[in-house]
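The block underneath contains the structure these notes are about, expressed in structure tokens.
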Amino acid sequence: MRSGPLLRVENLHTQFHTERGAVHAVDGASFTVDRGEIVGLLGESGSGKSVTARSVCRLEAPGQVVDGTITFDGADLTTADESTLRQIRGNDISMVFQDPTETLNPVFSVGEQIAEAVRVHETDDRQRLLDFLGVPPFRERSAWADAHKRAIELLEQMDIPNPKSRSSAFPHEFSGGLRQRALLAIALASEPSLLIADEPTTALDTTTQADILQRFRALRDEQDIGILLISHDIGVIAQTCDRVVVLYGGQVMEAGPVESVLTAPEHPYTRMLLSCSVRNRAPGERVRSVEGRPPDPIGGHEACPFVDRCQHATSMCREGTIPMTDLDAEHRLACVEAPLADSPESSHRRTPPTPDGGEQNDTM
Ligand SMILES: Nc1ncnc2c1ncn2[C@@H]1O[C@H](COP(=O)(O)OP(=O)(O)OP(=O)(O)O)[C@@H](O)[C@H]1O
Ligand SMILES: [Mg+2]
């Protein structure tokens, strides 16, 4: 029987070859997603969130996964052939892309597009053979009818009003919120065990956003789906996720349970994101930096990517990639200089000596 998390990403490196040199978009990221949990991938624009998501589905082209391992349900996706990957994408992993225009086809009705996704999923080997031979008119018709019925059910599950009549509408007849729900319906048509949603609510008003985030929580609770939810918005992550992975310069800076990382952040980068978000952010506004710019991804980082913006940085931070250390069983940090024990907001200590000479790494 399978053991371990549903998705395990280890030391992922994805690069783009450009005239200026290799863009190290993902530069050694590691994280996991399990069934029945929502993991948030949080970071500023350009931190590598979308490239990470696409790499997990092995849709990183024109980029290339140059190192690391992606294991899904025990299968190594980094070495899998294209037909296995297609099979996994059509059945087990679904992705809602950041740009919805990439997914919805303007010339087919929304219902047809969902039905097509259902049919692709449900087409068994025999059906594929019959399709190949061009034979099966009766079976084909009933398969389509069933797929349409299922499409309407999925629209209903997504709280789309009048799902039967709306299923024959075209994407341009849908509002942004309805389009996003239709995309989710397409993604769920294959009954995936892992759903990757890249900024699924960014363009939506707060009420629609809250409804969609509620759908994610329901999927987790009712269908035991693992969800990787990508967002630059700390509020979205805080409302929806169980764990959060903070990405910067293609590397994981901090990861752990949402309550622990967002209420007691230890990495100077996470603290910066939070201070920006809480004090200065208007609703819907993207995360802004306090000062400085994200690092140039050309050539990658031989130091902590945050070093030039970090007020705690020392020469040690420039001496190579910073390894992740465990602050407790679930909270991990890639920082050697954050003044954990000195900071009033810190809930951790960096293994200071106890009076009897032992060590502690407990919460305060
Ligand atoms: N096709 C490409 N060619 C070259 N570089 C690319 C390409 N796609 C992405 N990149 C680079 O990879 C890095 C990570 O990009 P990515 O799209 O993953 O960022 P992101 O965190 O999703 O940002 P946003 O919040 O704006 O969506 C960026 O430096 C980006 O410029
Ligand atoms: Mg993105």
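We label chains A, B, ... in the order they appear in the structure tokens, count residues from 1 in each chain, and number ligands from 1 in the order shown.
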
- Query: Within 10 Å of region 72-75 of chain A, counting only C-alpha atoms, which residues qualify if same-chain residues fewer than 6 places away don't, as JSON, numbers by chain?
  - Reply: {"A": [1, 2, 3, 4, 5, 6, 7, 8, 9, 32, 33, 34, 35, 56, 57, 84, 88, 92, 93, 193, 194]}

- Near Pro171 (chain A), within 8 Å and counting only C-alpha atoms, which residues show up once chain neighbours fewer than 5 positions away are dropped, as a ChimeraX atom specification? /A:104-106,108-110,179

Produce a file of the selected residues containing C-alpha atoms, as a short mmCIF file (atom, residue, chain, number, x, y, z; two decimals), in the first residue's frame.
```cif
data_model
loop_
_atom_site.label_atom_id
_atom_site.label_comp_id
_atom_site.auth_asym_id
_atom_site.auth_seq_id
_atom_site.Cartn_x
_atom_site.Cartn_y
_atom_site.Cartn_z
CA LEU A 104 -11.77 28.24 -21.49
CA ASN A 105 -12.38 27.95 -25.19
CA PRO A 106 -14.54 30.85 -26.46
CA PHE A 108 -17.73 26.05 -27.09
CA SER A 109 -20.42 26.40 -24.45
CA VAL A 110 -19.35 26.05 -20.84
CA ARG A 179 -16.00 31.74 -15.15
#
```

- Task: Step by step, measure atom-to-atom distances between ligand 2 and each residue using only C-alpha atoms and all ligand atoms, keep those at most 10 Å, then write them as a PyMOL selection string.
- Result: chain A and resi 43-54+97-99+198-199+230-232

- Item | region 130-263 of chain A: residues DSSP assigns to strand (DSSP E), reported as a ChimeraX atom specification | /A:194-198,226-231,243-248,251-257

- DSSP-assigned helix (DSSP H, G or I) members of region 113-258 of chain A, reported as a PyMOL selection string: chain A and resi 113-122+125-133+137-157+163-166+171-173+176-188+206-223+234-240+258

- Work out how far apart CA of Glu153 (chain A) and CA of Ala203 (chain A) are and give it in Å to one decimal.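 Taking CA of Glu153 (chain A) as the start and CA of Ala203 (chain A) as the end point, the length is 25.2 Å.
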
- Quick one: residues within 12 Å of region 318-326 of chain A, only C-alpha atoms counted, chain neighbours fewer than 5 positions away excluded, as a PyMOL selection string? chain A and resi 11+27-31+249-256+266-267+300-308+310+313+331-337+348-351+361-362

- Task: Identify, on the basis of only C-alpha atoms, every residue whose closest approach to Ala187 (chain A) does not exceed 7 Å; exclude the query and any residue fewer than 4 positions from it along the same chain; express the result as a PyMOL selection string.
- Result: chain A and resi 94-96+183

Could you take the residues named above and write them with N, CA and C atoms, as a PDB file, in the first residue's frame?
```pdb
ATOM      1  N   SER A  94      -5.435  17.945 -11.224  1.00  0.00           N
ATOM      2  CA  SER A  94      -6.065  18.972 -12.058  1.00  0.00           C
ATOM      3  C   SER A  94      -5.487  20.312 -11.687  1.00  0.00           C
ATOM      4  N   MET A  95      -5.394  21.176 -12.685  1.00  0.00           N
ATOM      5  CA  MET A  95      -4.849  22.505 -12.397  1.00  0.00           C
ATOM      6  C   MET A  95      -5.779  23.589 -12.926  1.00  0.00           C
ATOM      7  N   VAL A  96      -6.012  24.596 -12.082  1.00  0.00           N
ATOM      8  CA  VAL A  96      -6.716  25.802 -12.525  1.00  0.00           C
ATOM      9  C   VAL A  96      -5.629  26.837 -12.736  1.00  0.00           C
ATOM     10  N   LEU A 183     -14.331  26.985 -14.375  1.00  0.00           N
ATOM     11  CA  LEU A 183     -12.987  26.397 -14.450  1.00  0.00           C
ATOM     12  C   LEU A 183     -12.794  25.344 -13.372  1.00  0.00           C
TER      13      LEU A 183
END
```

- Task: State, in Å with one decimal place, the distance from CA of His172 (chain A) to CA of Val107 (chain A).
- Result: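 Going from CA of His172 (chain A) over to CA of Val107 (chain A), I get 9.6 Å.
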
What's around Thr240 (chain A) at 12 Å? Count only C-alpha atoms, leave out sequence neighbours fewer than 6 positions away in its own chain, and write the answer as a tab-separated table (two decimals) with C-alpha atoms, in the first residue's frame.
```tsv
chain	number	residue	atom	x	y	z
A	37	GLU	CA	-5.31	19.36	3.34
A	38	ILE	CA	-4.95	22.74	1.68
A	39	VAL	CA	-1.38	23.94	1.35
A	40	GLY	CA	-0.83	27.57	0.40
A	41	LEU	CA	2.09	28.67	-1.77
A	201	THR	CA	-9.65	34.36	-6.75
A	209	GLN	CA	-13.77	35.22	-3.42
A	210	ALA	CA	-15.14	34.07	-0.06
A	211	ASP	CA	-17.65	31.76	-1.82
A	212	ILE	CA	-14.96	30.15	-3.95
A	213	LEU	CA	-12.62	29.71	-0.99
A	214	GLN	CA	-15.50	28.04	0.83
A	215	ARG	CA	-15.78	25.59	-2.10
A	216	PHE	CA	-12.11	24.70	-1.61
A	217	ARG	CA	-12.66	23.96	2.06
A	218	ALA	CA	-15.71	21.85	1.20
A	219	LEU	CA	-13.69	19.87	-1.36
A	220	ARG	CA	-11.04	19.19	1.24
A	221	ASP	CA	-13.56	18.13	3.87
A	227	ILE	CA	-5.15	21.22	-2.68
A	228	LEU	CA	-2.17	23.41	-3.52
A	229	LEU	CA	-3.53	26.95	-3.42
A	230	ILE	CA	-1.27	29.61	-4.89
A	231	SER	CA	-1.72	33.19	-3.80
A	233	ASP	CA	-2.59	37.34	-0.73
A	234	ILE	CA	-1.94	36.50	2.91
A	257	PRO	CA	0.96	25.34	9.88
A	258	VAL	CA	-0.78	28.56	8.91
A	259	GLU	CA	-1.45	29.61	12.52
```

- For the atom pair atom 11 (C, counted along the ligand's line) of ligand 1 and CA of Gly177 (chain A), what is the interatomic distance in Å to one decimal place?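 Taking atom 11 (C, counted along the ligand's line) of ligand 1 as the start and CA of Gly177 (chain A) as the end point, the length is 27.6 Å.
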
- Between A:Ile186, A:Met158, A:Leu42, A:Val245, which has the minimum distance to ligand 1 (counting only C-alpha atoms and all ligand atoms)?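 Of A:Ile186, A:Met158, A:Leu42, A:Val245, the one nearest ligand 1, counting only C-alpha atoms and all ligand atoms, is A:Leu42.
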
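Proximity of A:Thr206, A:Glu112, A:Leu133, A:Val26 to Lys164 (chain A), computed with only C-alpha atoms, is greatest for A:Glu112.
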
- Pick the closest to ligand 1 from A:Ala25, A:Ala115, A:Cys276, A:Leu12: which is it, counting only C-alpha atoms and all ligand atoms? A:Ala25

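Considering the residues A:Glu60, A:Glu173, A:Glu191, A:Glu122 and counting only C-alpha atoms and all ligand atoms, ligand 1 has its shortest atom-to-atom contact with A:Glu60.
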
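Distances here use only C-alpha atoms; by that measure, the residue among A:His148, A:Gly292, A:Ile298, A:Gln311 closest to Phe16 (chain A) is A:Ile298.
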
- Query: A:Leu274, A:Ala264, A:Ala197, A:Ala145: which is nearest ligand 1, counting only C-alpha atoms and all ligand atoms?
  - Reply: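 Answer, going by the shortest atom-to-atom distance: A:Ala197.
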